[in-house]
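**Q** To start, I am sharing the structure in question, which I have written as structure tokens.
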Amino acid sequence: MKKRPIPKQLKTKNLTSSALSMKTITIKYLFCISILALLSACSAKKFVPDDESLYSGSTIELNDTLTIENRGALQTKLNGLLKPEPNSKFLGMRPNLYFYYKGQKEKPGFINKFLSKKLGEEPVYFSDINVNSTEDLILNRLSNSGFFSSRVSSKVKIDSTAKTTKVKYTVKLTPPYRMEKYVIERDTLDTLALYTQIEKSMKNAVIKKEMRFNLDAMKGERRRIDSYLKDKGYYNFNEDFLIFEADTNAYDDKRFDLFLNLKNKIPEKSLVPYEINEVNIYPNYSVEGKSEYRDTTVVNAIKFVQDDVFFKPKRLSPYILVKPGEKYNPRLSKYTSRRLSNIGTYKFVNIDYVENDTVTKNGVRQLDANIYLSPMNKRALRLELQGVTKSNNFAGPGIGLTYTDRNFFKGGELFRINTNFGYEKQFSGGTSEGSSSLQLGLKTSLTFPRLLFPIDINNRFKYAIPKTKVEVGFDYLNRTQLYQLNSFSTSFGYVWTANKYVTHKLNPININYVSLGKTSDEFEKVLDENPFLRQSFEQKFIAGLTYGFTYNGLVDQSRKGAFYFDLNFDIAGNALDLFGKENEEGSKTFLGLRYAQYAKLDMDIRYHLKLDSKGQTLIARLFGGVGLPYGNSKALPFVKQYFSGGPYSIRAFKIRGLGPGTYEPEDPNSSYFDQAGDIRLEANLEYRFPIMQYLKGAVFADAGNVWLTKENEALPGGKFSSDFINQLGVGAGIGLRIDVQGFVIRFDLASPLKTPNTPWKFEYDSPVFNFAIGYPF
């Protein structure tokens, strides 16, 4: 873009309703008004040279009377030709352009220079736009899509007041050419084995009869054939060897025959398949340079080359899908590379194929496969420092320490020890002000990169081998003025990545022991008034099975719209019930401990819709969960109950600040342990948009609540009923997010629109401030 002359004129604090005075609110809103006034002053129009006009974008209108299949795809393809994009806007202004102009002054100053460098955006003037060239590009893309002899016109609209110019292109479409026959030219292919393979692949052809002429479809068909032949061993074949010829001479009604042929003078080695001769594995390869390896072990005809045993060959062999004597297959190479990377031991995986001079009797050539594996550091230590602030007025520091030991038993095992410490104190909490919370945790895990099962079935999995994970943990929680809680947990389970999108998690053994320690008189009084709460704490032993299914379409960044679905199932107590003994109180115990019996199911559904290429996104989320206590339990264990409210839930209400149902505690600031339930329903809608390079904004609305499955006299109005829609808590708000390469610091400010026990009312004077790490969903 050519240069343009520049004219001469050229600390976190919780904000809950109980802590805010009208004076503070007034100052806050005056501050917002001041910011808007400042932004309105940041007009870039006054810096635009007199002989220039800012380019404000273009549109393309398809003017036709035809019924076009995939009209939206054609529109998107044509819109992609409208380059360059105009300067970005925020609230109708162009702050990035303004910062650029300010930085170009003769003496810009440090602040202007810094903002110009970090946030500035060079101006896009209408003089940079070549309208005639864009028309030619549009006609070219239309011809490539079968719309030959179409016409394009343009209209330029100038706004002299705003100093902007935009362009409207109008396209007059003609009927497209459509394919009648798709034929393989046998003259050059008939004598080759290659022809037989191409013929077999035609049932999956991208090109079909009646399809309009489409250059992109032809390119896709070439890629499909090339991929098919590669899977059949044609290592040196290339899609560029295939050419298409269209013939319209046989028809008068805009139809054509399509012929597939091979180019001339293709190297002979590109027309024959390859098979694997040798597979050599280097389990401890250094990227700094090749070392001299002397010790070689052969397992399943695969050579493992290493001096000292870094990785046991019998453990590494199942991950290798490239086998001697089999045809070359890039898909198996890709699977092998992914499987080796997923072990968690290796930083780099490189598969190198080397052609040798051997040719078999049937004309098949041979390859040697060398697989170089470069390990990560065996041991690692990570320290995390955290600052926590919650919408229920708790705030404090946190420390996490993680020790990792990779390839623990020389079979790719991953051993981890996690410790955490957290201290929180409640500020501005009414009767609970000054209470604190101390949390200590220790968790050890050992992950085996294979399926530990009585029968070896690891070779049945192609995409990825399931992992087996064993965990043992202990947590201690001390809430002053209330209670102490000790919990021990252990689990044994499997994690399996079925494909790019789907992950399964199954824990056939999942055991928790929860013990309520020292309690205060105040908390004992609460337990006496709420028998269901007492029962939820008395269920010390939880043993059962958990299963999780996740479909994550968000990993495909090319999709305009993508779904995320997460399902979790948790059932406990059924196996123990076979051995339980009834005590004097009528409850069953196992090893002297009362155990929980329940079933729990919840689903989390999300949809992300990209509105443009600049980062505007609309996200919708639905969450539904239900837990049913039965048999030996009258209430869900406390640690298994649902709650609503907080930075990852309904942001206009504090953590555990909703429900159950229409229940409203006498002192909301001391009911942290009360407001939970057996059923949870939530819906969220959020619009995200970019403001500056690392700063993003959001406008959102949340609705939800929790309910009980049974009546509870201590929690009146808590039972789920047919009137649940009117019992939802609803809130809306705005947010700012600092997003630096996926690390997100989030600030959300929301106010209630409706509480479960009141009619609709926007409580703008009762905002809740949420600070969190990461996006809410």
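Chain identifiers are assigned as A, B, and so on, following the order in which chains appear in the structure tokens; residues are numbered from 1 within each chain, and ligands are numbered from 1 in order of appearance.
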So which residues of region 131-263 of chain A fall under strand (DSSP E) by DSSP, listed as a PyMOL selection string?
**A** chain A and resi 151-159+164-172+178-184+242-247+255-262
**Q** Near Ile773 (chain A), counting only C-alpha atoms, which residues have an atom at most 8 Å away, once you skip same-chain residues fewer than 3 positions from it, shown as an MDAnalysis selection string?
**A** chainID A and resid 743:746
**Q** Excluding same-chain residues fewer than 3 positions from Gln597 (chain A), what lies within 8 Å of it counting only C-alpha atoms, as a list in words?
**A**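 Non-adjacent residues within range: Ile542, Ile571, Ala572, Gly573, Asn574, Pro629, Tyr630, Gly631, Asn632 and Ser633 of chain A.
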**Q** Write down as a ChimeraX atom specification the residues belonging to region 117-315 of chain A that are assigned helix (DSSP H, G or I) by DSSP computed on the backbone.
**A** /A:117-119,126-128,131-144,186-189,193-204,215-231,239-241,268-271,313-315
**Q** Which one is closest to Phe256 (chain A): A:Gly548, A:Pro647, A:Pro767, A:Pro176? Count only C-alpha atoms.
**A**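 Distance minimum relative to Phe256 (chain A) lands on A:Pro176.
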**Q** Which residue out of A:Leu628, A:Leu91, A:Leu173, A:Leu477 has the minimum interatomic distance to Phe147 (chain A) when only C-alpha atoms are used?
**A** A:Leu173
**Q** Give me the residues within 9 Å of region 486-495 of chain A as number ranges by chain, counting only C-alpha atoms and dropping any in the same chain fewer than 2 places off.
**A** A: 443, 451-452, 466-478, 484, 497, 503-517, 540, 546
**Q** Skip Gln306 (chain A) itself and residues of its chain fewer than 6 positions away, then list as a PyMOL selection string all residues within 9 Å of it, counting only C-alpha atoms.
**A** chain A and resi 281-285+293-297
**Q** Only all heavy atoms, please: the residues just picked out, written as an mmCIF file, in the first residue's frame.
**A**
```cif
data_model
loop_
_atom_site.group_PDB
_atom_site.id
_atom_site.type_symbol
_atom_site.label_atom_id
_atom_site.label_comp_id
_atom_site.auth_asym_id
_atom_site.auth_seq_id
_atom_site.Cartn_x
_atom_site.Cartn_y
_atom_site.Cartn_z
ATOM 1 N N ILE A 281 13.318 -48.052 13.928
ATOM 2 C CA ILE A 281 12.843 -47.114 14.954
ATOM 3 C C ILE A 281 14.036 -46.646 15.784
ATOM 4 O O ILE A 281 14.842 -47.462 16.256
ATOM 5 C CB ILE A 281 11.800 -47.772 15.885
ATOM 6 C CG1 ILE A 281 10.766 -48.547 15.079
ATOM 7 C CG2 ILE A 281 11.153 -46.723 16.778
ATOM 8 C CD1 ILE A 281 9.869 -47.701 14.237
ATOM 9 N N TYR A 282 14.120 -45.327 15.988
ATOM 10 C CA TYR A 282 15.164 -44.738 16.843
ATOM 11 C C TYR A 282 14.464 -44.084 18.038
ATOM 12 O O TYR A 282 14.089 -42.912 17.989
ATOM 13 C CB TYR A 282 15.988 -43.721 16.063
ATOM 14 C CG TYR A 282 16.736 -44.316 14.886
ATOM 15 C CD1 TYR A 282 16.105 -44.487 13.657
ATOM 16 C CD2 TYR A 282 18.060 -44.729 15.013
ATOM 17 C CE1 TYR A 282 16.777 -45.047 12.581
ATOM 18 C CE2 TYR A 282 18.742 -45.293 13.946
ATOM 19 C CZ TYR A 282 18.099 -45.447 12.728
ATOM 20 O OH TYR A 282 18.777 -46.011 11.662
ATOM 21 N N PRO A 283 14.277 -44.833 19.157
ATOM 22 C CA PRO A 283 13.449 -44.348 20.279
ATOM 23 C C PRO A 283 14.062 -43.205 21.082
ATOM 24 O O PRO A 283 13.344 -42.565 21.864
ATOM 25 C CB PRO A 283 13.294 -45.597 21.163
ATOM 26 C CG PRO A 283 13.678 -46.755 20.294
ATOM 27 C CD PRO A 283 14.707 -46.211 19.358
ATOM 28 N N ASN A 284 15.364 -42.953 20.931
ATOM 29 C CA ASN A 284 16.014 -41.901 21.730
ATOM 30 C C ASN A 284 16.871 -41.040 20.814
ATOM 31 O O ASN A 284 18.060 -40.830 21.044
ATOM 32 C CB ASN A 284 16.852 -42.528 22.841
ATOM 33 C CG ASN A 284 17.304 -41.502 23.864
ATOM 34 O OD1 ASN A 284 16.756 -40.406 23.953
ATOM 35 N ND2 ASN A 284 18.310 -41.849 24.647
ATOM 36 N N TYR A 285 16.246 -40.510 19.771
ATOM 37 C CA TYR A 285 16.972 -39.763 18.746
ATOM 38 C C TYR A 285 17.144 -38.311 19.180
ATOM 39 O O TYR A 285 16.228 -37.676 19.715
ATOM 40 C CB TYR A 285 16.211 -39.818 17.428
ATOM 41 C CG TYR A 285 16.858 -39.052 16.307
ATOM 42 C CD1 TYR A 285 17.987 -39.551 15.665
ATOM 43 C CD2 TYR A 285 16.334 -37.830 15.888
ATOM 44 C CE1 TYR A 285 18.576 -38.852 14.622
ATOM 45 C CE2 TYR A 285 16.921 -37.128 14.848
ATOM 46 C CZ TYR A 285 18.043 -37.642 14.223
ATOM 47 O OH TYR A 285 18.627 -36.945 13.206
ATOM 48 N N TYR A 293 24.432 -45.595 16.682
ATOM 49 C CA TYR A 293 23.736 -46.606 17.476
ATOM 50 C C TYR A 293 24.260 -47.992 17.089
ATOM 51 O O TYR A 293 24.427 -48.302 15.908
ATOM 52 C CB TYR A 293 22.221 -46.541 17.220
ATOM 53 C CG TYR A 293 21.607 -45.216 17.590
ATOM 54 C CD1 TYR A 293 21.312 -44.272 16.606
ATOM 55 C CD2 TYR A 293 21.332 -44.912 18.911
ATOM 56 C CE1 TYR A 293 20.752 -43.055 16.937
ATOM 57 C CE2 TYR A 293 20.762 -43.688 19.249
ATOM 58 C CZ TYR A 293 20.470 -42.763 18.269
ATOM 59 O OH TYR A 293 19.920 -41.569 18.605
ATOM 60 N N ARG A 294 24.488 -48.816 18.109
ATOM 61 C CA ARG A 294 25.061 -50.127 17.844
ATOM 62 C C ARG A 294 24.128 -51.274 18.227
ATOM 63 O O ARG A 294 24.238 -52.363 17.698
ATOM 64 C CB ARG A 294 26.391 -50.278 18.606
ATOM 65 C CG ARG A 294 27.482 -49.326 18.121
ATOM 66 C CD ARG A 294 28.768 -49.530 18.897
ATOM 67 N NE ARG A 294 28.618 -49.209 20.312
ATOM 68 C CZ ARG A 294 28.724 -47.970 20.804
ATOM 69 N NH1 ARG A 294 28.983 -46.958 19.991
ATOM 70 N NH2 ARG A 294 28.588 -47.749 22.087
ATOM 71 N N ASP A 295 23.245 -51.062 19.156
ATOM 72 C CA ASP A 295 22.395 -52.136 19.651
ATOM 73 C C ASP A 295 21.050 -52.113 18.927
ATOM 74 O O ASP A 295 20.348 -51.112 18.927
ATOM 75 C CB ASP A 295 22.180 -51.962 21.164
ATOM 76 C CG ASP A 295 21.552 -53.192 21.790
ATOM 77 O OD1 ASP A 295 21.408 -54.192 21.081
ATOM 78 O OD2 ASP A 295 21.190 -53.132 22.975
ATOM 79 N N THR A 296 20.695 -53.223 18.294
ATOM 80 C CA THR A 296 19.447 -53.322 17.544
ATOM 81 C C THR A 296 18.648 -54.516 18.041
ATOM 82 O O THR A 296 19.173 -55.633 18.140
ATOM 83 C CB THR A 296 19.710 -53.485 16.033
ATOM 84 O OG1 THR A 296 20.446 -52.353 15.559
ATOM 85 C CG2 THR A 296 18.402 -53.585 15.266
ATOM 86 N N THR A 297 17.371 -54.265 18.325
ATOM 87 C CA THR A 297 16.451 -55.322 18.754
ATOM 88 C C THR A 297 15.330 -55.427 17.740
ATOM 89 O O THR A 297 14.774 -54.415 17.310
ATOM 90 C CB THR A 297 15.862 -55.004 20.145
ATOM 91 O OG1 THR A 297 16.925 -54.816 21.078
ATOM 92 C CG2 THR A 297 14.962 -56.131 20.625
#
```
**Q** Please determine, counting only C-alpha atoms, which residue among A:Asn140, A:Gly220, A:Leu258, A:Ser613 has the shortest atom-to-atom distance to Thr76 (chain A).
**A**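 Closest to Thr76 (chain A) of all the choices is A:Ser613.
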**Q** Would you mind reading off the distance between CA of Lys312 (chain A) and CA of Asn418 (chain A), one decimal, in Å?
**A**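 Atom-to-atom, CA of Lys312 (chain A) to CA of Asn418 (chain A), that is 27.2 Å.
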**Q** Give me the residues within 9 Å of region 402-405 of chain A as a PyMOL selection string, counting only C-alpha atoms and dropping any in the same chain fewer than 6 places off.
**A** chain A and resi 377-384+413-420
**Q** I need the residue nearest Tyr195 (chain A) from this list: A:Leu229, A:Asn370, A:Ile60, A:Pro267. Use only C-alpha atoms for the distance.
**A**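 Ranking A:Leu229, A:Asn370, A:Ile60, A:Pro267 by distance to Tyr195 (chain A), first place goes to A:Leu229.
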**Q** Quote the spacing between CA of Phe569 (chain A) and CA of Ala599 (chain A) in Å to one decimal place.
**A**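 Going from CA of Phe569 (chain A) over to CA of Ala599 (chain A), I get 7.7 Å.
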**Q** Could you please determine the separation between CA of Val305 (chain A) and CA of Leu373 (chain A) in Å, to one decimal place?
**A** 10.9 Å
